[in-house]
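Scroll down for the structure; my scribbles are underneath it.
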Amino acid sequence: MVEKISELTRLNVGPLKTFFGVSAIVFLMVFGASTLITFLLPESYASTARIKVEPHGAPTNGQTTSRTYDPYLVQTEFEVLQSEVILNKVIESLNLNAVWGKKYAGGEKLKTSETLALLKGRLDLRPVGHTSLIEIRMFSEDPAEAAQVANAVAEAYRDHRWEQARQGAKNGVNALRERYAEQEQKVRVARQEVDKLRKELNISATDATGNSPAVVNEADVVRRLQGELITLETMLVREETQLRELEKLGPDQRRNAIQTSVGPDAELNTLLGQLNLSEQRLLSLEKEYAPEHPARQNAKLRADDSLRRVNARLEGIMTGLSNRVTGLQLTISNLKKIVEEARATDIDKAERSRPYYEAKVRLEELERFRSLLNLKLASEALDAELPGSALVEIIDRAMPGLRPVRPNKPLNLFLGALGGMILAMLIGCGSAVATFVIGKKRRS
């Protein structure tokens, strides 16, 4: 019984010794290797520059304009920052081919492609969440060099964007200058056409100042003439009516009504007074004397003479009234003719001079567009002269790091210990199982 217990104990102790022994060896080897590698790796320092990126077309002269959000802006500029266009400028400005050749190639100058590969491997770009900021992080064994290269990348990118903006503005100014020259030529041709038409159509200096020929009768003059026509036509109707009605009356009725219709007449009143006196004297003498009596005959002659003069005066008034009607008719006819002739003259003048004014309007439109082009050209030329650094603004310049960031010794030692423990347990368990199996076979 004792022998069996002793044999069982030997069987259990052997695998345990193997497990702990192998595990310890594996753990020490892994942890030691990771520790050795950690302390043998060269230390690297990191320096970070932060830049603010604006999209292309953003204002560069302090103006504020609305622009569309570009979700791919940061990603696009990441690619630009890592492009040969930017990094080659950094290599050239810092002479990295020679500097890194002395450091990594035993003094032999590196090729630009080799330096570019090293630079890209040490460059790390990161966006700042929910902003248009980009972090440019550079790693190097020399903290001063890391800061210098990070700042050089930021400056090269800023200068590249500025040059792009300046070149774009310059191209825009050149295009506007060409367009302005074309417009100036159009204005010159249009002005020559206007001058030519003015001479051919005999446009006066007064008419040439406006955009339409000056009318013979202005609107207020036409209204006044129309008012006069209405007044004269009203007078004509009244005079014609009076004349027709008086012509219908007999001599005695006309004599009594004419002053009521036409108005008082001093001479007619005098003649009527004389006629009344003559008729009264004749009536008085007819009662006293026979028809053959000289006094009665003399009174009869006087009465007849007074009646003749009254009738003659009435005829004169009627003639005057007829002449007034005729004069009014002629005046109205002439006035209508004047107005119609003036209107016809205006229409003919406008029709004849239309090509001139159409050409003048075209000239004014061309001159207005030329003025707009001139203002735009001046604005674009001013923008081209202003610095475009607002497209890329260096918010924070990189500073030399105070302590290395690579390798991360605590993290590496922790990972080495953890990995060593896991690997030690796996190998140790495997070794213990193998020991147990081998021992069992030997006993059997």
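Letters A, B, ... mark the chains of the structure tokens in the order given; residue numbers begin at 1 per chain; ligand numbers begin at 1, in order shown.
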
Excluding same-chain residues fewer than 3 positions from Asn151 of chain A, what lies within 12 Å of it counting only C-alpha atoms, as a ChimeraX atom specification? /A:47-51,87,90,93-94,123,135-138,144-148,154-158,394-400

Set the distance at 12 Å and use only C-alpha atoms: which residues neighbour Leu119 of chain A once local chain neighbours fewer than 3 positions away are removed? I'd like the list as a ChimeraX atom specification. /A:81-84,86-91,94,96-97,100,112-116,122-124,137-140,145-146,149-150,152-153

Next, dump the selected residues to file, keeping only N, CA and C atoms, as a short mmCIF file (atom, residue, chain, number, x, y, z; two decimals), in the first residue's frame.
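Output below, filename selection.cif:
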data_model
loop_
_atom_site.label_atom_id
_atom_site.label_comp_id
_atom_site.auth_asym_id
_atom_site.auth_seq_id
_atom_site.Cartn_x
_atom_site.Cartn_y
_atom_site.Cartn_z
N LEU A 81 -1.64 66.72 -48.02
CA LEU A 81 -0.54 66.90 -47.08
C LEU A 81 0.53 65.82 -47.23
N GLN A 82 0.10 64.59 -47.59
CA GLN A 82 1.04 63.48 -47.72
C GLN A 82 1.55 63.32 -49.15
N SER A 83 1.19 64.24 -50.03
CA SER A 83 1.58 64.11 -51.43
C SER A 83 3.03 64.54 -51.62
N GLU A 84 3.57 64.12 -52.74
CA GLU A 84 4.95 64.50 -53.06
C GLU A 84 5.09 66.00 -53.25
N ILE A 86 3.83 68.39 -51.51
CA ILE A 86 4.11 69.05 -50.23
C ILE A 86 5.39 68.53 -49.61
N LEU A 87 5.52 67.21 -49.54
CA LEU A 87 6.66 66.64 -48.82
C LEU A 87 7.98 66.90 -49.54
N ASN A 88 7.99 66.95 -50.86
CA ASN A 88 9.23 67.28 -51.59
C ASN A 88 9.70 68.69 -51.24
N LYS A 89 8.73 69.60 -51.02
CA LYS A 89 9.13 70.96 -50.61
C LYS A 89 9.76 70.94 -49.23
N VAL A 90 9.22 70.09 -48.33
CA VAL A 90 9.80 69.97 -47.00
C VAL A 90 11.21 69.39 -47.09
N ILE A 91 11.37 68.35 -47.89
CA ILE A 91 12.69 67.73 -48.06
C ILE A 91 13.69 68.74 -48.60
N LEU A 94 14.46 71.66 -45.89
CA LEU A 94 15.27 71.23 -44.74
C LEU A 94 16.50 70.43 -45.15
N LEU A 96 16.77 67.41 -46.21
CA LEU A 96 16.69 66.14 -45.50
C LEU A 96 17.47 65.04 -46.19
N ASN A 97 17.66 65.12 -47.49
CA ASN A 97 18.45 64.09 -48.18
C ASN A 97 19.85 64.00 -47.57
N TRP A 100 19.51 63.34 -43.29
CA TRP A 100 19.19 61.95 -42.94
C TRP A 100 20.17 60.97 -43.56
N THR A 112 15.78 61.22 -53.06
CA THR A 112 14.54 61.87 -52.63
C THR A 112 13.44 60.86 -52.36
N SER A 113 13.38 59.80 -53.16
CA SER A 113 12.36 58.77 -52.94
C SER A 113 12.57 58.07 -51.61
N GLU A 114 13.83 57.83 -51.22
CA GLU A 114 14.12 57.18 -49.94
C GLU A 114 13.76 58.11 -48.78
N THR A 115 14.13 59.37 -48.92
CA THR A 115 13.79 60.34 -47.87
C THR A 115 12.28 60.49 -47.76
N LEU A 116 11.61 60.46 -48.91
CA LEU A 116 10.15 60.59 -48.91
C LEU A 116 9.51 59.42 -48.17
N ARG A 122 7.18 58.51 -40.75
CA ARG A 122 7.24 59.20 -39.47
C ARG A 122 6.16 60.26 -39.32
N LEU A 123 5.36 60.44 -40.36
CA LEU A 123 4.33 61.48 -40.35
C LEU A 123 2.99 60.85 -39.99
N ASP A 124 2.26 61.49 -39.10
CA ASP A 124 0.95 61.00 -38.69
C ASP A 124 -0.02 62.18 -38.70
N ARG A 137 1.50 65.40 -36.88
CA ARG A 137 2.40 64.86 -35.86
C ARG A 137 3.61 64.23 -36.54
N MET A 138 4.81 64.58 -36.03
CA MET A 138 6.05 64.07 -36.58
C MET A 138 6.85 63.37 -35.48
N PHE A 139 7.40 62.18 -35.82
CA PHE A 139 8.20 61.41 -34.88
C PHE A 139 9.67 61.45 -35.30
N SER A 140 10.54 61.59 -34.31
CA SER A 140 11.99 61.60 -34.58
C SER A 140 12.74 61.36 -33.29
N GLU A 145 14.23 68.17 -34.16
CA GLU A 145 13.97 67.83 -35.56
C GLU A 145 12.50 67.51 -35.78
N ALA A 146 11.86 66.82 -34.84
CA ALA A 146 10.44 66.50 -34.97
C ALA A 146 9.61 67.77 -35.08
N VAL A 149 10.37 69.56 -38.54
CA VAL A 149 9.74 68.94 -39.71
C VAL A 149 8.22 69.15 -39.68
N ALA A 150 7.59 69.01 -38.51
CA ALA A 150 6.14 69.23 -38.42
C ALA A 150 5.77 70.64 -38.83
N ALA A 152 7.56 72.56 -40.77
CA ALA A 152 7.87 72.70 -42.19
C ALA A 152 6.74 72.13 -43.05
N VAL A 153 6.15 71.01 -42.64
CA VAL A 153 5.02 70.43 -43.38
C VAL A 153 3.84 71.39 -43.36
#

For atom CA of Arg179 of chain A and atom CA of Lys196 of chain A, the interatomic separation in Å (one decimal):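 Taking atom CA of Arg179 of chain A and atom CA of Lys196 of chain A, their separation equals 25.8 Å.
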
Minimum-distance residue to Glu358 of chain A, chosen among A:Leu197, A:Val53, A:Leu176, A:Ala432 (using only C-alpha atoms):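 With only C-alpha atoms as the atom set, the closest residue is A:Leu197.
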
Got a sec: who's within 12 Å of Arg309 of chain A, counting only C-alpha atoms, leaving out chain neighbours fewer than 4 positions off, as a PyMOL selection string? chain A and resi 255+267-275+302-305+313-316

Determine, counting only C-alpha atoms, which protein, DNA and RNA residues have an atom within 8 Å of an atom of Val325 of chain A; residues of the same chain fewer than 2 positions away are not included. Present the result as a CSV table (one decimal) with C-alpha atoms, in the first residue's frame.
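Result file follows (part-v3.csv):
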chain,number,residue,atom,x,y,z
A,236,LEU,CA,-69.1,127.5,-82.8
A,239,GLU,CA,-72.9,131.0,-82.7
A,240,GLU,CA,-74.3,128.7,-85.5
A,321,LEU,CA,-72.3,137.0,-86.7
A,322,SER,CA,-71.9,135.0,-89.9
A,323,ASN,CA,-68.3,136.0,-90.2
A,327,GLY,CA,-63.9,132.4,-88.5
A,328,LEU,CA,-64.5,129.9,-85.8
A,329,GLN,CA,-64.8,127.1,-88.3

Between A:Asn334, A:Asn374, A:Ser23, A:Thr345, which one has atoms that come closest to Leu232 of chain A, using only C-alpha atoms?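 Closest to Leu232 of chain A of all the choices is A:Asn334.
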
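Atom to atom, atom CA of Leu229 of chain A and atom CA of Glu351 of chain A stand 27.7 Å apart.
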
Quick one, how far is atom CA of Leu73 of chain A from atom CA of Asp383 of chain A?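 Atom CA of Leu73 of chain A sits 23.1 Å away from atom CA of Asp383 of chain A.
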
Using only C-alpha atoms, determine which residues lie at most 12 Å from Ala190 of chain A, disregarding the query and same-chain residues fewer than 2 positions distant; provide the list as a ChimeraX atom specification. /A:183-188,192-197,356-367

Create the file for the chosen residues now, containing C-alpha atoms and written as a compact mmCIF listing (two decimals), in the first residue's frame.
# COMPACT_ATOMS: atom_id res chain seq x y z
CA GLN A 183 -16.13 94.43 -74.21
CA GLU A 184 -14.13 97.60 -74.77
CA GLN A 185 -13.87 96.72 -78.46
CA LYS A 186 -17.63 96.14 -78.62
CA VAL A 187 -18.24 99.52 -76.98
CA ARG A 188 -15.89 101.21 -79.43
CA GLN A 192 -18.85 104.47 -83.96
CA GLU A 193 -22.19 103.12 -85.16
CA VAL A 194 -24.08 105.64 -83.00
CA ASP A 195 -22.00 108.56 -84.32
CA LYS A 196 -22.49 107.36 -87.87
CA LEU A 197 -26.29 107.10 -87.51
CA TYR A 356 -30.12 105.75 -83.90
CA TYR A 357 -31.85 105.34 -80.54
CA GLU A 358 -31.79 101.55 -80.76
CA ALA A 359 -28.05 101.74 -81.41
CA LYS A 360 -27.70 104.18 -78.52
CA VAL A 361 -29.54 101.84 -76.14
CA ARG A 362 -27.25 98.99 -77.20
CA LEU A 363 -24.26 101.21 -76.58
CA GLU A 364 -25.51 102.09 -73.07
CA GLU A 365 -26.04 98.41 -72.26
CA LEU A 366 -22.54 97.57 -73.46
CA GLU A 367 -21.10 100.44 -71.40

Could you name the residues that touch Asp252 of chain A at 12 Å or less, counting only C-alpha atoms, but leaving out those on the same chain fewer than 6 positions away, as a short mmCIF file (atom, residue, chain, number, x, y, z; two decimals) with N, CA and C atoms, in the first residue's frame?
data_model
loop_
_atom_site.label_atom_id
_atom_site.label_comp_id
_atom_site.auth_asym_id
_atom_site.auth_seq_id
_atom_site.Cartn_x
_atom_site.Cartn_y
_atom_site.Cartn_z
N LEU A 246 -81.82 133.43 -85.84
CA LEU A 246 -82.08 134.81 -86.26
C LEU A 246 -82.48 134.90 -87.73
N ILE A 258 -82.49 140.45 -81.59
CA ILE A 258 -81.06 140.34 -81.88
C ILE A 258 -80.17 140.74 -80.71
N LEU A 272 -82.36 152.74 -83.05
CA LEU A 272 -83.72 152.36 -82.64
C LEU A 272 -84.40 153.51 -81.92
N LEU A 307 -85.61 153.75 -90.36
CA LEU A 307 -85.84 152.32 -90.50
C LEU A 307 -84.79 151.68 -91.39
N VAL A 310 -81.63 151.32 -89.41
CA VAL A 310 -81.76 150.23 -88.43
C VAL A 310 -81.60 148.87 -89.12
N ASN A 311 -82.29 148.73 -90.28
CA ASN A 311 -82.18 147.47 -91.02
C ASN A 311 -80.75 147.23 -91.50
N LEU A 314 -78.84 146.04 -88.61
CA LEU A 314 -79.17 144.63 -88.33
C LEU A 314 -78.46 143.70 -89.31
#

Quick one: residues within 8 Å of Thr18 of chain A, only C-alpha atoms counted, chain neighbours fewer than 5 positions away excluded, as a PDB file with C-alpha atoms, in the first residue's frame?
ATOM      1  CA  GLY A 428       4.156  24.608 -19.451  1.00  0.00           C
ATOM      2  CA  SER A 431       5.260  19.994 -21.258  1.00  0.00           C
ATOM      3  CA  ALA A 432       3.513  18.718 -18.106  1.00  0.00           C
ATOM      4  CA  THR A 435       5.882  14.351 -18.996  1.00  0.00           C
TER       5      THR A 435
END

Would you please give, as a list in words, all residues of segment 16-245 of chain A that DSSP assigns to strand (DSSP E or B) based on the backbone?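 Written out, the strand (DSSP E or B) residues of segment 16-245 of chain A are Ser44, Tyr45, Ala46, Ser47, Thr48, Ala49, Arg50, Ile51, Lys52, Val53, Leu123, Asp124, Leu125, Arg126, Pro127, Leu133, Ile134, Glu135, Ile136, Arg137, Met138, Phe139 and Ser140 of chain A.
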